[in-house]
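Undergrad: Once you've had a glance at the structure underneath, I'll fire off some questions.
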Amino acid sequence: MNKLCSMKEAIAASVTDGCSLVIDGFTHLICFAAGHEIIRQGRRNLTAIRLTPDLVYDQLIEAGAVRKLVFSWAGNPGVGSLHALRRRSEASSPERLELEEYSHFGLLSRLLAGSAGLPFWPLNNYAGGDIARVNPSIKTVTCPFTGQALAAVPALRPDVAIIHCQRADAEGNAQVWGLLGSQKEVAFAAKKVVVVAEEIVSTERIRKDPNRTLVPGIIVSHVVHEPWGCHPSFVQGFHDRDNDFYVKWEDISRQPETYRAWLEEFVYGVKDRQDYLARLETGLLDKLRAKARVCEGVDYGY
């Protein structure tokens, strides 16, 4: 089945007001293009889920799209705070977010349970901190084999998962290499999956390198071809991380006025990703474009 569509069509069909959403990726393969389209379409009251919410989630928060954040760490990596999140986390904020915090493994365990069709996931965690004390979703169970007391977290099944990858076919078979996040667990846990790819290739090419297929097309709802959809994040083999952007973001996002001006120019003021890319500084894409470093293939014969 050909599932190819535009980003606008994929978001309109998948992301609804009040739904729960994961835009995955761990520094690598973070789909900013999807986040920006969600903002343009005016979605509201989202439950935003992510182990490491960084700039794209902060932008969703500043735009008023998020009601609740489920997370395990938040910040501008290597730089500092997320200022929209910080402003809306303070007790005096009239638009205060609901926050639900876990350890990294605790939130991953919720996704593991969801992906495996289990009601909860046990883990030997939380004994040394206060997260379990302030998060009522973290319970205690007794191991039926050893009698040991273990923490337990409930399964998480997001309404929508958005996964960026290096290449996919029109059926949604998505291949990833380089730094992995929780894309596989998120995709299998979610009710709907949108795959966004730098490159659309034939199914024959996917089958020639089957071990790179992280997300199978059978669980994918929509496929979007969106080169540079992750900027300022990076895509191994296609383009580098725009480190200067992350540094500049500290000053852009610190004040609501400069934050709003950036959103007006680069999100609300563009119609799609190509329009966004055209507004970036001259020569930036050439500077970030990856230099070839091809890995040798393997023989799958038998």
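Scheme for the structure tokens: letters A, B, ... for chains in order shown; per-chain residue numbers from 1; ligand numbers from 1 in order shown.
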What's around region 220-229 of chain A at 7 Å? Count only C-alpha atoms, leave out sequence neighbours fewer than 5 positions away in its own chain, and write the answer as a VMD selection string.
TA: chain A and resid 3 to 7 10 31 to 33 170 172 192 to 200 273
Undergrad: Would you return as a list in words the members of region 166-254 of chain A that DSSP assigns to strand (DSSP E) on this structure's backbone?
TA: Gln166, Arg167, Ala168, Ala174, Gln175, Lys192, Val193, Val194, Val195, Val196, Ala197, Glu198, Glu199, Ile200, Thr213, Leu214, Val215, His222, Val223, Val224 and His225 of chain A
Undergrad: Limited to N, CA and C atoms, could you put the picked residues into a file as a PDB file, in the first residue's frame?
TA:
ATOM      1  N   GLN A 166      16.374   7.756   8.009  1.00  0.00           N
ATOM      2  CA  GLN A 166      17.161   8.089   6.829  1.00  0.00           C
ATOM      3  C   GLN A 166      16.438   7.718   5.540  1.00  0.00           C
ATOM      4  N   ARG A 167      15.846   6.539   5.512  1.00  0.00           N
ATOM      5  CA  ARG A 167      15.141   6.160   4.288  1.00  0.00           C
ATOM      6  C   ARG A 167      13.973   5.232   4.617  1.00  0.00           C
ATOM      7  N   ALA A 168      12.977   5.279   3.742  1.00  0.00           N
ATOM      8  CA  ALA A 168      11.794   4.429   3.883  1.00  0.00           C
ATOM      9  C   ALA A 168      11.236   4.163   2.496  1.00  0.00           C
ATOM     10  N   ALA A 174      10.839   1.532   7.512  1.00  0.00           N
ATOM     11  CA  ALA A 174      11.757   2.635   7.812  1.00  0.00           C
ATOM     12  C   ALA A 174      13.100   2.113   8.293  1.00  0.00           C
ATOM     13  N   GLN A 175      14.158   2.603   7.673  1.00  0.00           N
ATOM     14  CA  GLN A 175      15.507   2.167   8.027  1.00  0.00           C
ATOM     15  C   GLN A 175      16.274   3.300   8.714  1.00  0.00           C
ATOM     16  N   LYS A 192      -1.017   5.117  16.208  1.00  0.00           N
ATOM     17  CA  LYS A 192      -0.748   5.529  14.837  1.00  0.00           C
ATOM     18  C   LYS A 192       0.720   5.923  14.722  1.00  0.00           C
ATOM     19  N   VAL A 193       1.332   5.617  13.579  1.00  0.00           N
ATOM     20  CA  VAL A 193       2.741   5.939  13.358  1.00  0.00           C
ATOM     21  C   VAL A 193       2.887   6.710  12.058  1.00  0.00           C
ATOM     22  N   VAL A 194       3.548   7.858  12.155  1.00  0.00           N
ATOM     23  CA  VAL A 194       3.906   8.641  10.975  1.00  0.00           C
ATOM     24  C   VAL A 194       5.417   8.517  10.793  1.00  0.00           C
ATOM     25  N   VAL A 195       5.835   7.991   9.654  1.00  0.00           N
ATOM     26  CA  VAL A 195       7.256   7.882   9.320  1.00  0.00           C
ATOM     27  C   VAL A 195       7.628   9.038   8.401  1.00  0.00           C
ATOM     28  N   VAL A 196       8.672   9.758   8.777  1.00  0.00           N
ATOM     29  CA  VAL A 196       9.194  10.866   7.970  1.00  0.00           C
ATOM     30  C   VAL A 196      10.604  10.483   7.529  1.00  0.00           C
ATOM     31  N   ALA A 197      10.890  10.591   6.245  1.00  0.00           N
ATOM     32  CA  ALA A 197      12.155  10.089   5.717  1.00  0.00           C
ATOM     33  C   ALA A 197      12.903  11.140   4.911  1.00  0.00           C
ATOM     34  N   GLU A 198      14.227  11.092   5.032  1.00  0.00           N
ATOM     35  CA  GLU A 198      15.083  11.924   4.185  1.00  0.00           C
ATOM     36  C   GLU A 198      14.994  11.488   2.737  1.00  0.00           C
ATOM     37  N   GLU A 199      14.793  10.193   2.551  1.00  0.00           N
ATOM     38  CA  GLU A 199      14.834   9.623   1.201  1.00  0.00           C
ATOM     39  C   GLU A 199      13.782   8.528   1.081  1.00  0.00           C
ATOM     40  N   ILE A 200      13.056   8.523  -0.016  1.00  0.00           N
ATOM     41  CA  ILE A 200      12.109   7.442  -0.312  1.00  0.00           C
ATOM     42  C   ILE A 200      12.752   6.532  -1.354  1.00  0.00           C
ATOM     43  N   THR A 213      16.056  -2.141   9.000  1.00  0.00           N
ATOM     44  CA  THR A 213      14.642  -1.778   9.110  1.00  0.00           C
ATOM     45  C   THR A 213      14.235  -1.794  10.574  1.00  0.00           C
ATOM     46  N   LEU A 214      14.056  -0.608  11.147  1.00  0.00           N
ATOM     47  CA  LEU A 214      13.724  -0.470  12.561  1.00  0.00           C
ATOM     48  C   LEU A 214      12.217  -0.497  12.785  1.00  0.00           C
ATOM     49  N   VAL A 215      11.469   0.094  11.857  1.00  0.00           N
ATOM     50  CA  VAL A 215      10.014   0.156  11.960  1.00  0.00           C
ATOM     51  C   VAL A 215       9.415  -0.485  10.716  1.00  0.00           C
ATOM     52  N   HIS A 222       1.198   6.662   7.879  1.00  0.00           N
ATOM     53  CA  HIS A 222       1.520   7.657   6.861  1.00  0.00           C
ATOM     54  C   HIS A 222       3.033   7.731   6.672  1.00  0.00           C
ATOM     55  N   VAL A 223       3.445   8.036   5.441  1.00  0.00           N
ATOM     56  CA  VAL A 223       4.854   8.207   5.101  1.00  0.00           C
ATOM     57  C   VAL A 223       5.032   9.580   4.467  1.00  0.00           C
ATOM     58  N   VAL A 224       6.001  10.327   4.979  1.00  0.00           N
ATOM     59  CA  VAL A 224       6.256  11.681   4.488  1.00  0.00           C
ATOM     60  C   VAL A 224       7.695  11.780   4.017  1.00  0.00           C
ATOM     61  N   HIS A 225       7.893  12.303   2.819  1.00  0.00           N
ATOM     62  CA  HIS A 225       9.246  12.584   2.323  1.00  0.00           C
ATOM     63  C   HIS A 225       9.584  14.023   2.685  1.00  0.00           C
TER      64      HIS A 225
END
Undergrad: Using only C-alpha atoms, can you tell me which of A:Leu263, A:Val186, A:Leu29, A:Leu156 comes closest to Leu60 (chain A)?
TA: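 Using only C-alpha atoms, the shortest distance to Leu60 (chain A) belongs to A:Leu263.
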Undergrad: Quick one: residues within 12 Å of region 242-251 of chain A, only C-alpha atoms counted, chain neighbours fewer than 6 positions away excluded, as JSON, numbers by chain?
TA: {"A": [27, 28, 54, 55, 56, 58, 59, 75, 76, 77, 78, 79, 80, 81, 82, 83, 84, 228, 230, 231, 232, 233, 234, 235, 257, 258, 259, 262, 263, 280, 281, 284, 285, 286, 287, 288, 289, 290]}
Undergrad: Point out the residue among A:Ala34, A:Ile61, A:Cys19, A:Ala149 with the least atom-to-atom distance to Ser253 (chain A), counting only C-alpha atoms.
TA: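 Looking at the shortest contact to Ser253 (chain A), the residue is A:Ile61.
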